[in-house]
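Below is one structure, written out as structure tokens; the observations come after it.
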Amino acid sequence: MEIAKDDLRLRFDEYNQLYFEGKLKRAKMGFLSKSFKTIVGIFEFEIDKNRRVKNPSIKVSKRIVGNEEILKRVLLHEMAHFSVTQKYKKNKKHGIAYIKECKRLESQYNVKIWHCWMRKGYVDNRASIFILPVVFCRNIASIVKFRIIQRII
């Protein structure tokens, strides 16, 4: 199944209304370049001098767009980052605030989100953490395990 950026925008708008009460600013949606072989999604942003989130962007891998459930989970993962960043005015990575936001979404709406729990002190301020799914396909149902990978900015 081929999907366009407009389809990602529609999903973002739908999920924003359903799960975030429409509070997330509109993010630029796109796809990761092919050089990102192990990353399935990224939330990028800037903070301006007034501590407002500026130029939010969510990109996903084209490899996951054929699976609606995985695409939804990855988008919600990145949107949870967006929600926490917008609230705290800085990147909280996969810390306590992010985990609480994921748990809120899961308990309140019964949705599944790709998780990535990290050990305290694993990442410094120059690093971003991304999820690396390792998928072992046996049939339509897949067993997914996660490893944390690090990319220095």
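Just remember, in the structure tokens the first chain shown is A, the second B, etc., residues are 1-based per chain, and ligands are 1-based in the order shown.
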List the neighbours of range 74-88 of chain A out to 10 Å using only C-alpha atoms; skip same-chain residues closer than 3 positions along the sequence, and give me the result as number ranges by chain.
A: 8, 11-12, 15-16, 19-20, 23-25, 27, 40-45, 47, 51-54, 56-61, 64, 68-71, 91-95, 97-102, 104-105, 111-116, 130-131
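Residue nearest Arg63 in chain A within the list A:Asp6, A:Ser107, A:Asp13, A:Ser33: A:Ser33 [criterion: smallest interatomic distance, only C-alpha atoms].
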Can you tell me how far CA of Ile39 in chain A sits from CA of Arg73 in chain A, in Å to one decimal?
13.9 Å
In Å, how far is it from CA of Arg9 in chain A to CA of Phe36 in chain A?
21.0 Å
I need the strand (DSSP E) residues of range 1-137 of chain A per DSSP on the backbone, written as an MDAnalysis selection string.
chainID A and resid 28:31 41:47 53:60 127:137
Take the residues from that selection and write them out as a PDB file, in the first residue's frame, keeping C-alpha atoms.
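The file below, result25.pdb, is the result:
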ATOM      1  CA  LYS A  28       4.967  18.936   9.096  1.00  0.00           C
ATOM      2  CA  MET A  29       4.594  15.305   8.074  1.00  0.00           C
ATOM      3  CA  GLY A  30       6.983  13.332   5.925  1.00  0.00           C
ATOM      4  CA  PHE A  31       9.020  10.229   5.348  1.00  0.00           C
ATOM      5  CA  GLY A  41       9.931   7.395  13.335  1.00  0.00           C
ATOM      6  CA  ILE A  42      11.345  10.748  14.405  1.00  0.00           C
ATOM      7  CA  PHE A  43       9.869  13.848  16.039  1.00  0.00           C
ATOM      8  CA  GLU A  44      11.967  16.951  15.373  1.00  0.00           C
ATOM      9  CA  PHE A  45      11.431  20.525  16.541  1.00  0.00           C
ATOM     10  CA  GLU A  46      13.044  23.788  17.586  1.00  0.00           C
ATOM     11  CA  ILE A  47      12.413  25.941  20.660  1.00  0.00           C
ATOM     12  CA  VAL A  53       7.840  24.778  20.064  1.00  0.00           C
ATOM     13  CA  LYS A  54       8.642  25.840  16.518  1.00  0.00           C
ATOM     14  CA  ASN A  55       8.757  23.903  13.232  1.00  0.00           C
ATOM     15  CA  PRO A  56       7.476  20.575  14.591  1.00  0.00           C
ATOM     16  CA  SER A  57       8.013  17.683  12.209  1.00  0.00           C
ATOM     17  CA  ILE A  58       7.153  13.992  12.313  1.00  0.00           C
ATOM     18  CA  LYS A  59       8.724  11.589   9.842  1.00  0.00           C
ATOM     19  CA  VAL A  60       8.093   7.876   9.525  1.00  0.00           C
ATOM     20  CA  ALA A 127      21.702  12.530  21.771  1.00  0.00           C
ATOM     21  CA  SER A 128      18.280  11.493  20.564  1.00  0.00           C
ATOM     22  CA  ILE A 129      16.819   8.082  21.253  1.00  0.00           C
ATOM     23  CA  PHE A 130      14.887   6.176  18.651  1.00  0.00           C
ATOM     24  CA  ILE A 131      13.177   2.806  18.570  1.00  0.00           C
ATOM     25  CA  LEU A 132      14.657  -0.011  16.565  1.00  0.00           C
ATOM     26  CA  PRO A 133      12.016  -2.690  16.023  1.00  0.00           C
ATOM     27  CA  VAL A 134      13.315  -6.152  15.367  1.00  0.00           C
ATOM     28  CA  VAL A 135      10.464  -7.964  13.683  1.00  0.00           C
ATOM     29  CA  PHE A 136      10.351 -11.735  13.342  1.00  0.00           C
ATOM     30  CA  CYS A 137       7.525 -12.406  10.861  1.00  0.00           C
TER      31      CYS A 137
END
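Between Glu14 in chain A and the candidates A:Lys72, A:Ile96, A:Lys49, A:Lys90, the tightest atom-to-atom separation, counting only C-alpha atoms, involves A:Lys72.
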Polymer residues at most 9 Å from Ile3 in chain A, only C-alpha atoms, same-chain spacing of 6 or more positions, as a ChimeraX atom specification:
/A:62,65-66
